[in-house]
>>> print(open('run_35.cif').read())   # mmCIF, C-alpha atoms
data_target
loop_
_atom_site.label_atom_id
_atom_site.label_comp_id
_atom_site.auth_asym_id
_atom_site.auth_seq_id
_atom_site.Cartn_x
_atom_site.Cartn_y
_atom_site.Cartn_z
CA SER A 167 171.23 79.61 81.72
CA LEU A 168 169.86 77.75 84.71
CA CYS A 169 166.90 80.12 85.04
CA ARG A 170 165.89 79.37 81.47
CA PHE A 171 164.95 75.84 82.55
CA MET A 172 163.32 76.60 85.88
CA ALA A 173 159.93 77.69 84.58
CA ASP A 174 159.28 74.90 82.09
CA ASP A 175 161.31 71.90 83.25
CA LEU A 176 158.65 70.63 85.65
CA ILE A 177 156.30 70.40 82.69
CA THR A 178 158.73 68.40 80.55
CA ILE A 179 160.31 66.49 83.42
CA GLU A 180 159.00 63.08 82.30
CA GLU A 181 160.42 63.11 78.78
CA GLY A 182 163.36 60.79 79.46
CA GLN A 183 163.87 57.11 78.71
CA PHE A 184 164.17 53.99 80.86
CA ALA A 185 166.77 51.24 81.13
CA ASP A 186 165.88 47.93 82.79
CA LEU A 187 169.07 47.20 84.72
CA PRO A 188 169.90 44.44 87.23
CA ALA A 189 170.16 47.21 89.85
CA GLY A 190 166.65 48.47 89.03
CA ARG A 191 164.70 50.32 86.34
CA THR A 192 166.51 53.60 85.74
CA HIS A 193 165.19 56.82 84.24
CA TYR A 194 167.67 58.86 82.20
CA VAL A 195 168.00 61.68 79.68
CA LEU A 196 170.67 61.28 76.99
CA GLN A 197 171.32 64.29 74.76
CA GLY A 198 173.74 65.55 72.13
CA PRO A 199 175.42 64.06 69.06
CA GLU A 200 176.45 60.39 69.25
CA ASP A 201 180.03 61.27 68.36
CA GLY A 202 180.27 64.05 70.96
CA GLN A 203 182.62 64.01 73.93
CA VAL A 204 180.78 62.15 76.72
CA LEU A 205 179.90 64.06 79.88
CA VAL A 206 178.12 62.19 82.71
CA PHE A 207 176.45 63.95 85.66
CA VAL A 208 175.51 62.30 88.98
CA HIS A 209 173.09 64.15 91.27
CA GLY A 210 172.95 64.21 95.05
CA PHE A 211 171.05 62.71 97.98
CA GLY A 212 167.48 63.99 97.79
CA PHE A 213 167.30 65.30 94.25
CA CYS A 214 166.98 63.73 90.80
CA HIS A 215 168.31 64.19 87.26
CA MET A 216 166.93 67.75 87.31
CA ALA A 217 169.97 68.80 89.37
CA PHE A 218 172.02 68.83 86.15
CA ARG A 219 169.35 68.91 83.45
CA ALA A 220 170.00 72.53 82.50
CA VAL A 221 173.77 72.08 82.43
CA ALA A 222 173.48 68.84 80.43
CA THR A 223 171.27 70.51 77.84
CA GLN A 224 173.66 73.45 77.63
CA TYR A 225 176.61 71.15 76.91
CA ALA A 226 174.62 68.98 74.50
CA GLU A 227 173.94 72.14 72.52
CA LYS A 228 177.72 72.72 72.48
CA GLY A 229 178.21 69.31 70.85
CA HIS A 230 178.80 67.04 73.85
CA ARG A 231 177.04 63.74 74.48
CA THR A 232 175.50 64.28 77.93
CA LEU A 233 173.83 61.93 80.39
CA VAL A 234 171.75 62.71 83.46
CA TYR A 235 169.78 60.05 85.32
CA ASP A 236 167.80 59.38 88.48
CA LEU A 237 169.52 57.48 91.25
CA LEU A 238 167.57 54.48 92.51
CA GLY A 239 164.54 55.59 94.49
CA ARG A 240 164.72 59.15 93.14
CA GLY A 241 162.81 60.82 90.35
CA LEU A 242 161.26 58.13 88.14
CA SER A 243 163.78 55.37 88.88
CA ALA A 244 162.74 52.22 90.72
CA PRO A 245 163.62 51.72 94.39
CA PRO A 246 166.91 49.94 95.13
CA ARG A 247 166.78 46.14 95.28
CA VAL A 248 169.59 46.01 97.83
CA ARG A 249 170.81 48.30 100.59
CA SER A 250 171.56 51.84 99.38
CA THR A 251 175.33 51.70 99.76
CA PRO A 252 177.83 53.65 97.66
CA GLU A 253 178.70 50.36 95.96
CA ALA A 254 175.05 49.75 95.00
CA PHE A 255 174.74 53.19 93.43
CA ALA A 256 178.07 52.69 91.64
CA ASP A 257 176.66 49.40 90.29
CA GLN A 258 173.68 51.31 88.90
CA LEU A 259 175.94 53.85 87.18
CA GLU A 260 178.19 51.09 85.84
CA GLN A 261 175.25 49.13 84.43
CA LEU A 262 173.63 52.21 82.88
CA LEU A 263 176.83 53.30 81.12
CA THR A 264 177.37 49.78 79.76
CA HIS A 265 173.73 49.56 78.66
CA LEU A 266 174.09 52.81 76.72
CA GLY A 267 177.57 52.01 75.41
CA LEU A 268 179.01 55.16 76.96
CA ASP A 269 181.89 53.39 78.70
CA ALA A 270 183.51 52.29 75.43
CA HIS A 271 185.80 55.34 75.53
CA PRO A 272 187.14 57.56 78.34
CA PHE A 273 184.68 60.24 79.50
CA THR A 274 184.32 63.10 81.98
CA LEU A 275 182.42 62.35 85.20
CA VAL A 276 180.81 65.10 87.31
CA GLY A 277 179.38 64.24 90.73
CA PHE A 278 177.54 66.53 93.14
CA SER A 279 177.39 65.88 96.90
CA MET A 280 176.42 62.21 97.36
CA GLY A 281 176.86 61.87 93.61
CA GLY A 282 180.50 62.81 94.16
CA GLY A 283 180.88 59.84 96.50
CA ILE A 284 179.28 57.56 93.90
CA SER A 285 181.61 59.00 91.25
CA LEU A 286 184.62 58.30 93.46
CA HIS A 287 183.59 54.66 93.80
CA TYR A 288 183.08 54.36 90.04
CA ALA A 289 186.42 56.04 89.29
CA GLN A 290 188.19 53.66 91.66
CA ARG A 291 186.75 50.70 89.75
CA HIS A 292 187.48 52.17 86.32
CA PRO A 293 190.66 54.25 86.47
CA ASP A 294 191.16 54.09 82.70
CA ILE A 295 187.60 55.01 81.72
CA VAL A 296 187.16 58.16 83.81
CA LYS A 297 189.26 60.67 81.89
CA ARG A 298 188.44 63.65 84.13
CA LEU A 299 186.70 63.79 87.50
CA MET A 300 184.85 66.87 88.76
CA LEU A 301 183.69 66.78 92.38
CA VAL A 302 181.11 69.41 93.28
CA ALA A 303 180.75 69.77 97.07
CA SER A 304 181.38 66.04 97.28
CA VAL A 305 180.88 63.80 100.28
CA GLY A 306 183.83 61.69 101.37
CA PHE A 307 184.75 63.25 104.70
CA PRO A 308 182.51 64.15 107.68
CA VAL A 309 179.39 66.09 106.70
CA CYS A 310 176.97 68.28 108.68
CA THR A 311 174.12 65.96 109.63
CA PRO A 312 170.83 67.44 110.96
CA TRP A 313 169.49 65.89 114.17
CA THR A 314 166.53 64.50 112.25
CA ALA A 315 168.86 62.56 109.94
CA LYS A 316 170.62 61.06 112.96
CA LEU A 317 167.27 60.15 114.52
CA VAL A 318 165.94 58.25 111.51
CA LYS A 319 168.91 55.86 111.57
CA LEU A 320 167.48 54.26 114.72
CA PRO A 321 165.40 51.09 114.20
CA LEU A 322 161.61 51.61 114.52
CA ILE A 323 162.13 55.17 115.75
CA GLY A 324 163.43 56.02 112.29
CA GLU A 325 160.24 54.91 110.54
CA LEU A 326 158.13 56.89 113.02
CA ALA A 327 160.32 59.97 112.63
CA MET A 328 160.05 59.77 108.83
CA LYS A 329 156.26 59.68 109.09
CA LEU A 330 156.13 62.60 111.52
CA VAL A 331 158.81 64.98 110.22
CA GLY A 332 160.53 63.30 107.27
CA ARG A 333 158.52 64.90 104.48
CA ARG A 334 158.70 68.32 106.11
CA GLU A 335 162.48 68.12 106.55
CA ILE A 336 163.24 66.88 103.03
CA VAL A 337 161.11 69.68 101.54
CA ARG A 338 162.98 72.22 103.67
CA ALA A 339 166.41 70.86 102.66
CA PRO A 340 166.96 73.24 99.69
CA MET A 341 166.87 76.18 102.10
CA ARG A 342 170.10 74.83 103.64
CA ASP A 343 171.70 74.28 100.25
CA VAL A 344 171.75 77.93 99.17
CA GLY A 345 174.34 80.28 100.66
CA ASN A 346 172.66 83.59 99.86
CA LEU A 347 168.88 83.17 100.14
CA GLU A 348 168.22 86.85 99.54
CA LYS A 349 169.93 86.65 96.16
CA ASN A 350 169.16 83.05 95.23
CA GLY A 351 165.91 82.22 96.99
CA HIS A 352 164.42 81.36 93.59
CA ILE A 353 166.85 78.42 93.35
CA ALA A 354 165.70 77.03 96.69
CA ALA A 355 162.07 77.51 95.65
CA TRP A 356 162.65 75.66 92.37
CA ALA A 357 164.50 72.81 94.13
CA THR A 358 161.64 72.52 96.63
CA LYS A 359 159.19 72.12 93.73
CA VAL A 360 161.30 69.30 92.30
CA ILE A 361 161.32 67.49 95.67
CA GLU A 362 157.55 67.97 96.01
CA TRP A 363 157.17 66.53 92.49
CA GLN A 364 159.16 63.45 93.55
CA LEU A 365 156.94 63.01 96.59
CA ARG A 366 153.89 63.04 94.29
CA VAL A 367 155.11 60.70 91.56
CA ASN A 368 157.41 58.32 93.43
CA PRO A 369 155.74 56.25 96.17
CA ASN A 370 159.13 54.81 97.16
CA TYR A 371 160.89 58.16 97.56
CA MET A 372 160.76 58.51 101.34
CA SER A 373 161.59 54.86 102.05
CA SER A 374 164.56 55.16 99.66
CA ILE A 375 165.75 58.31 101.47
CA LEU A 376 165.52 56.45 104.80
CA ASP A 377 167.47 53.47 103.48
CA THR A 378 170.18 55.76 102.11
CA LEU A 379 170.53 57.54 105.45
CA ARG A 380 171.02 54.15 107.10
CA SER A 381 173.23 52.50 104.47
CA PHE A 382 175.38 55.16 102.79
CA ASP A 383 178.55 56.10 104.67
CA PHE A 384 178.95 59.73 103.64
CA GLY A 385 182.02 60.65 105.66
CA SER A 386 184.48 57.74 105.58
CA MET A 387 185.94 57.57 102.08
CA GLU A 388 189.52 58.56 102.84
CA SER A 389 191.04 55.37 101.42
CA ILE A 390 188.99 55.65 98.22
CA VAL A 391 189.86 59.34 97.78
CA LYS A 392 193.54 58.48 98.24
CA ASP A 393 193.35 55.60 95.77
CA VAL A 394 191.52 57.67 93.13
CA GLY A 395 193.94 60.51 93.78
CA GLN A 396 196.90 58.39 92.67
CA SER A 397 195.61 58.40 89.10
CA PRO A 398 197.20 60.88 86.67
CA ARG A 399 193.73 62.10 85.60
CA PRO A 400 192.81 65.76 86.24
CA VAL A 401 190.50 66.39 89.20
CA LEU A 402 188.52 69.60 89.72
CA LEU A 403 186.93 70.49 93.07
CA PHE A 404 184.10 73.05 92.93
CA TRP A 405 182.88 74.34 96.31
CA GLY A 406 180.85 77.11 97.91
CA GLU A 407 182.66 78.67 100.87
CA GLU A 408 179.41 78.85 102.88
CA ASP A 409 178.48 75.19 102.39
CA ALA A 410 176.31 74.15 105.36
CA VAL A 411 176.06 70.51 104.25
CA VAL A 412 179.58 69.46 103.22
CA PRO A 413 182.00 71.83 104.96
CA PHE A 414 184.37 73.85 102.79
CA LYS A 415 187.24 72.77 105.07
CA ASN A 416 186.87 69.25 103.64
CA THR A 417 188.54 70.52 100.47
CA GLN A 418 191.88 70.51 102.28
CA GLN A 419 191.61 66.75 102.83
CA PHE A 420 190.74 66.17 99.19
CA LEU A 421 193.68 68.32 98.04
CA ALA A 422 196.08 66.53 100.40
CA LEU A 423 195.14 63.11 99.01
CA MET A 424 194.70 64.06 95.33
CA PRO A 425 197.91 65.64 93.99
CA ARG A 426 196.36 66.52 90.62
CA ALA A 427 193.28 68.15 92.14
CA ARG A 428 192.58 71.83 91.65
CA LEU A 429 190.11 73.83 93.75
CA VAL A 430 187.63 76.45 92.57
CA HIS A 431 185.95 78.09 95.57
CA ILE A 432 182.91 80.35 95.35
CA PRO A 433 182.62 83.11 97.97
CA HIS A 434 179.19 83.50 99.63
CA ALA A 435 177.85 80.37 97.89
CA GLY A 436 176.44 77.36 99.69
CA HIS A 437 176.14 73.64 98.96
CA ALA A 438 174.46 74.30 95.61
CA GLY A 439 177.19 76.72 94.54
CA TYR A 440 177.11 75.49 90.95
CA MET A 441 173.47 76.60 90.75
CA GLU A 442 174.13 79.89 92.53
CA GLU A 443 176.95 80.79 90.13
CA PRO A 444 176.14 78.93 86.90
CA GLU A 445 178.33 81.16 84.71
CA VAL A 446 181.37 80.44 86.88
CA PHE A 447 180.55 76.73 86.87
CA SER A 448 180.25 76.64 83.07
CA ARG A 449 183.46 78.61 82.60
CA GLU A 450 185.38 76.26 84.89
CA LEU A 451 183.90 73.16 83.30
CA ASP A 452 184.76 74.50 79.83
CA GLY A 453 188.39 74.87 80.88
CA PHE A 454 188.44 71.51 82.64
CA LEU A 455 187.25 69.73 79.48
CA GLN A 456 190.44 70.93 77.77
CA GLU A 457 192.71 69.35 80.39
CA ASN A 458 194.39 65.97 79.91
#
>>> encode(input="run_35.cif", output="structure tokens")
Amino acid sequence: SLCRFMADDLITIEEGQFADLPAGRTHYVLQGPEDGQVLVFVHGFGFCHMAFRAVATQYAEKGHRTLVYDLLGRGLSAPPRVRSTPEAFADQLEQLLTHLGLDAHPFTLVGFSMGGGISLHYAQRHPDIVKRLMLVASVGFPVCTPWTAKLVKLPLIGELAMKLVGRREIVRAPMRDVGNLEKNGHIAAWATKVIEWQLRVNPNYMSSILDTLRSFDFGSMESIVKDVGQSPRPVLLFWGEEDAVVPFKNTQQFLALMPRARLVHIPHAGHAGYMEEPEVFSRELDGFLQEN
């Protein structure tokens, strides 16, 4: 279960490997048998590979070959060498999969939040390699942007704002991600610890966050969603109904443009619904892995 990893993962967080890619040095954790069905997870905006570490380990133990990694500027990965656009992050994913030889056969791709947007860009480039696509509270259509995030996009003012309130706001972010704090406050507390860890070990974390806020278009992917939606591959949408970051109503736009998409909605869950209801997430992913 997710809770099983919360207590000890911060101790073992640096046990992954590194790939020196053209996009930048990338930290990753690859688990499971080499002949297992490949399952790739892409985390969101302010987090790191820990977002899916527990799930990846769970599925590796079931016999899958699982990959989690740190986006550029997050976790232990190097800062981006170019602007932090969706295309740049898709380049990183593309290069990592090629480096590891995981794109030799079709695989299942799971993207959360901003990672969903990156997954969409990758799937558009490689329609035959992405066998199944799972979008967990994915960006793509207009998102709920805090006033501080809007402020930091301004030249000069943005740098000042990041120095004054940036660290405080990014540490507070997990509180917005959970729908039921009374029930799942431990998840927000754990996520806050992971962000604080990144602030300690990654000197480029805040500047990478700022560049992403300025360079990544979170809410204008309609044409890409439509293009990816034309593929015959199965698509699974997994969403918390109380999502305060990527509105639940966005699912209707995804469903309209992706005829093969199916929606699983979680009552009373927020942006991190897959963490709030890990048993439901695992059950749905199990079923999804059987679809063709």
>>> closest_atom_pairs(input="run_35.cif", of="stretch 276-383 of chain A", to="stretch 400-418 of chain A", cutoff="7 Å", atoms="all atoms listed in the file", output="Markdown table")
| residue | atom | partner | partner_atom | distance |
| --- | --- | --- | --- | --- |
| A:Arg298 | CA | A:Pro400 | CA | 5.3 |
| A:Leu299 | CA | A:Val401 | CA | 4.9 |
| A:Met300 | CA | A:Leu402 | CA | 4.7 |
| A:Leu301 | CA | A:Leu403 | CA | 5.0 |
| A:Val302 | CA | A:Phe404 | CA | 4.7 |
| A:Ala303 | CA | A:Trp405 | CA | 5.1 |
| A:Val305 | CA | A:Val412 | CA | 6.5 |
| A:Phe307 | CA | A:Asn416 | CA | 6.5 |
| A:Val309 | CA | A:Val412 | CA | 4.8 |
| A:Cys310 | CA | A:Val411 | CA | 5.0 |
| A:Arg342 | CA | A:Ala410 | CA | 6.5 |
| A:Asp343 | CA | A:Ala410 | CA | 6.9 |
| A:Gly345 | CA | A:Glu408 | CA | 5.7 |
>>> write_last_selection(input="run_35.cif", atoms="C-alpha atoms", output="short mmCIF file (atom, residue, chain, number, x, y, z; two decimals), in the coordinates of the input")
data_model
loop_
_atom_site.label_atom_id
_atom_site.label_comp_id
_atom_site.auth_asym_id
_atom_site.auth_seq_id
_atom_site.Cartn_x
_atom_site.Cartn_y
_atom_site.Cartn_z
CA ARG A 298 188.44 63.65 84.13
CA LEU A 299 186.70 63.79 87.50
CA MET A 300 184.85 66.87 88.76
CA LEU A 301 183.69 66.78 92.38
CA VAL A 302 181.11 69.41 93.28
CA ALA A 303 180.75 69.77 97.07
CA VAL A 305 180.88 63.80 100.28
CA PHE A 307 184.75 63.25 104.70
CA VAL A 309 179.39 66.09 106.70
CA CYS A 310 176.97 68.28 108.68
CA ARG A 342 170.10 74.83 103.64
CA ASP A 343 171.70 74.28 100.25
CA GLY A 345 174.34 80.28 100.66
#
>>> resolve_selection(input="run_35.cif", expression="the PyMOL selection byres ((chain A and resi 233-242) around 6)", output="PDB file with C-alpha atoms, in the coordinates of the input")
ATOM      1  CA  HIS A 193     165.190  56.820  84.240  1.00  0.00           C
ATOM      2  CA  TYR A 194     167.670  58.860  82.200  1.00  0.00           C
ATOM      3  CA  VAL A 195     168.000  61.680  79.680  1.00  0.00           C
ATOM      4  CA  LEU A 196     170.670  61.280  76.990  1.00  0.00           C
ATOM      5  CA  VAL A 206     178.120  62.190  82.710  1.00  0.00           C
ATOM      6  CA  PHE A 207     176.450  63.950  85.660  1.00  0.00           C
ATOM      7  CA  CYS A 214     166.980  63.730  90.800  1.00  0.00           C
ATOM      8  CA  HIS A 215     168.310  64.190  87.260  1.00  0.00           C
ATOM      9  CA  THR A 232     175.500  64.280  77.930  1.00  0.00           C
ATOM     10  CA  SER A 243     163.780  55.370  88.880  1.00  0.00           C
ATOM     11  CA  ALA A 244     162.740  52.220  90.720  1.00  0.00           C
ATOM     12  CA  PRO A 245     163.620  51.720  94.390  1.00  0.00           C
ATOM     13  CA  PRO A 246     166.910  49.940  95.130  1.00  0.00           C
ATOM     14  CA  GLN A 364     159.160  63.450  93.550  1.00  0.00           C
ATOM     15  CA  TYR A 371     160.890  58.160  97.560  1.00  0.00           C
ATOM     16  CA  SER A 374     164.560  55.160  99.660  1.00  0.00           C
TER      17      SER A 374
END
>>> closest_residue(input="run_35.cif", among="A:Lys349, A:Arg219, A:Arg366, A:Arg231", to="A:Leu268", atoms="only C-alpha atoms")
A:Arg231
>>> resolve_selection(input="run_35.cif", expression="the PyMOL selection byres ((chain A and resi 294) around 10)", output="ChimeraX atom specification")
/A:271-273,289-293,295-297,397-399
>>> closest_residue(input="run_35.cif", among="A:Gln197, A:Ala217, A:Phe382, A:Gly306", to="A:Phe255", atoms="all atoms listed in the file")
A:Phe382
>>> atom_distance(input="run_35.cif", atom1="atom CA of A:His437", atom2="atom CA of A:Ile375")
18.7 Å
>>> closest_residue(input="run_35.cif", among="A:Gly267, A:Pro340, A:Pro321, A:Pro312", to="A:Gly210", atoms="only C-alpha atoms")
A:Pro340
>>> atom_distance(input="run_35.cif", atom1="atom CA of A:Gly202", atom2="atom CA of A:Gly277")
19.8 Å
>>> closest_residue(input="run_35.cif", among="A:Gly190, A:Gly198, A:Pro433, A:Gly453", to="A:Gln261", atoms="all atoms listed in the file")
A:Gly190
>>> atom_distance(input="run_35.cif", atom1="atom CA of A:Thr314", atom2="atom CA of A:Ala254")
24.2 Å
>>> closest_residue(input="run_35.cif", among="A:Glu260, A:Asp383, A:Asp269, A:Glu335", to="A:Ser285", atoms="all atoms listed in the file")
A:Glu260
>>> residues_near_point(input="run_35.cif", point="(183.4, 78.7, 90.5)", cutoff="9 Å", atoms="all atoms listed in the file", output="PyMOL selection string")
chain A and resi 404-406+429-433+439-440+443-450
>>> residues_around(input="run_35.cif", residues="A:Lys329", least_positions_apart="6", cutoff="12 Å", atoms="only C-alpha atoms", output="PyMOL selection string")
chain A and resi 314+318+322-323+335-336+372-373+376
>>> resolve_selection(input="run_35.cif", expression="the PyMOL selection byres ((chain A and resi 355) around 12)", output="PyMOL selection string")
chain A and resi 169+172-173+337-344+347-348+350-354+356-362
>>> closest_residue(input="run_35.cif", among="A:Ala220, A:Ala189, A:Val367, A:Val208", to="A:Gln258", atoms="all atoms listed in the file")
A:Ala189
>>> build_atoms(input="run_35.cif", residues="stretch 283-314 of chain A", atoms="N, CA and C atoms", output="compact mmCIF listing (two decimals), in the frame of the given file")
# COMPACT_ATOMS: atom_id res chain seq x y z
N GLY A 283 180.45 61.09 95.87
CA GLY A 283 180.88 59.84 96.50
C GLY A 283 180.68 58.66 95.58
N ILE A 284 179.54 58.64 94.87
CA ILE A 284 179.28 57.56 93.90
C ILE A 284 180.31 57.62 92.77
N SER A 285 180.62 58.82 92.32
CA SER A 285 181.61 59.00 91.25
C SER A 285 182.99 58.53 91.68
N LEU A 286 183.34 58.78 92.93
CA LEU A 286 184.62 58.30 93.46
C LEU A 286 184.69 56.78 93.42
N HIS A 287 183.61 56.12 93.83
CA HIS A 287 183.59 54.66 93.80
C HIS A 287 183.70 54.14 92.37
N TYR A 288 183.00 54.79 91.43
CA TYR A 288 183.08 54.36 90.04
C TYR A 288 184.48 54.58 89.49
N ALA A 289 185.08 55.72 89.79
CA ALA A 289 186.42 56.04 89.29
C ALA A 289 187.45 55.08 89.85
N GLN A 290 187.26 54.63 91.09
CA GLN A 290 188.19 53.66 91.66
C GLN A 290 188.12 52.34 90.90
N ARG A 291 186.93 51.95 90.51
CA ARG A 291 186.75 50.70 89.75
C ARG A 291 187.29 50.80 88.33
N HIS A 292 187.16 51.99 87.74
CA HIS A 292 187.48 52.17 86.32
C HIS A 292 188.46 53.32 86.11
N PRO A 293 189.68 53.15 86.56
CA PRO A 293 190.66 54.25 86.47
C PRO A 293 190.97 54.67 85.05
N ASP A 294 190.81 53.76 84.09
CA ASP A 294 191.16 54.09 82.70
C ASP A 294 189.98 54.68 81.92
N ILE A 295 188.78 54.54 82.44
CA ILE A 295 187.60 55.01 81.72
C ILE A 295 187.25 56.45 82.10
N VAL A 296 187.45 56.80 83.38
CA VAL A 296 187.16 58.16 83.81
C VAL A 296 188.34 59.05 83.45
N LYS A 297 188.17 59.84 82.40
CA LYS A 297 189.26 60.67 81.89
C LYS A 297 189.49 61.89 82.76
N ARG A 298 188.39 62.48 83.23
CA ARG A 298 188.44 63.65 84.13
C ARG A 298 187.37 63.45 85.20
N LEU A 299 187.65 63.93 86.40
CA LEU A 299 186.70 63.79 87.50
C LEU A 299 186.47 65.15 88.14
N MET A 300 185.21 65.61 88.12
CA MET A 300 184.85 66.87 88.76
C MET A 300 183.97 66.57 89.96
N LEU A 301 184.42 67.00 91.14
CA LEU A 301 183.69 66.78 92.38
C LEU A 301 183.12 68.10 92.86
N VAL A 302 181.80 68.18 92.89
CA VAL A 302 181.11 69.41 93.28
C VAL A 302 180.56 69.22 94.69
N ALA A 303 181.18 69.89 95.66
CA ALA A 303 180.75 69.77 97.07
C ALA A 303 180.53 68.31 97.44
N SER A 304 181.51 67.49 97.14
CA SER A 304 181.38 66.04 97.28
C SER A 304 181.48 65.55 98.72
N VAL A 305 180.69 64.51 99.02
CA VAL A 305 180.88 63.80 100.28
C VAL A 305 182.18 63.02 100.20
N GLY A 306 182.58 62.45 101.31
CA GLY A 306 183.83 61.69 101.37
C GLY A 306 184.47 61.80 102.74
N PHE A 307 184.28 62.98 103.34
CA PHE A 307 184.75 63.25 104.70
C PHE A 307 183.55 63.74 105.52
N PRO A 308 183.68 63.84 106.84
CA PRO A 308 182.51 64.15 107.68
C PRO A 308 181.66 65.31 107.18
N VAL A 309 180.34 65.09 107.16
CA VAL A 309 179.39 66.09 106.70
C VAL A 309 178.57 66.61 107.88
N CYS A 310 177.84 67.69 107.64
CA CYS A 310 176.97 68.28 108.68
C CYS A 310 175.62 67.58 108.63
N THR A 311 175.34 66.76 109.62
CA THR A 311 174.12 65.96 109.63
C THR A 311 173.08 66.56 110.58
N PRO A 312 171.89 66.93 110.08
CA PRO A 312 170.83 67.44 110.96
C PRO A 312 170.41 66.40 111.98
N TRP A 313 169.88 66.84 113.12
CA TRP A 313 169.49 65.89 114.17
C TRP A 313 168.43 64.92 113.68
N THR A 314 167.58 65.38 112.77
CA THR A 314 166.53 64.50 112.25
C THR A 314 167.13 63.34 111.46
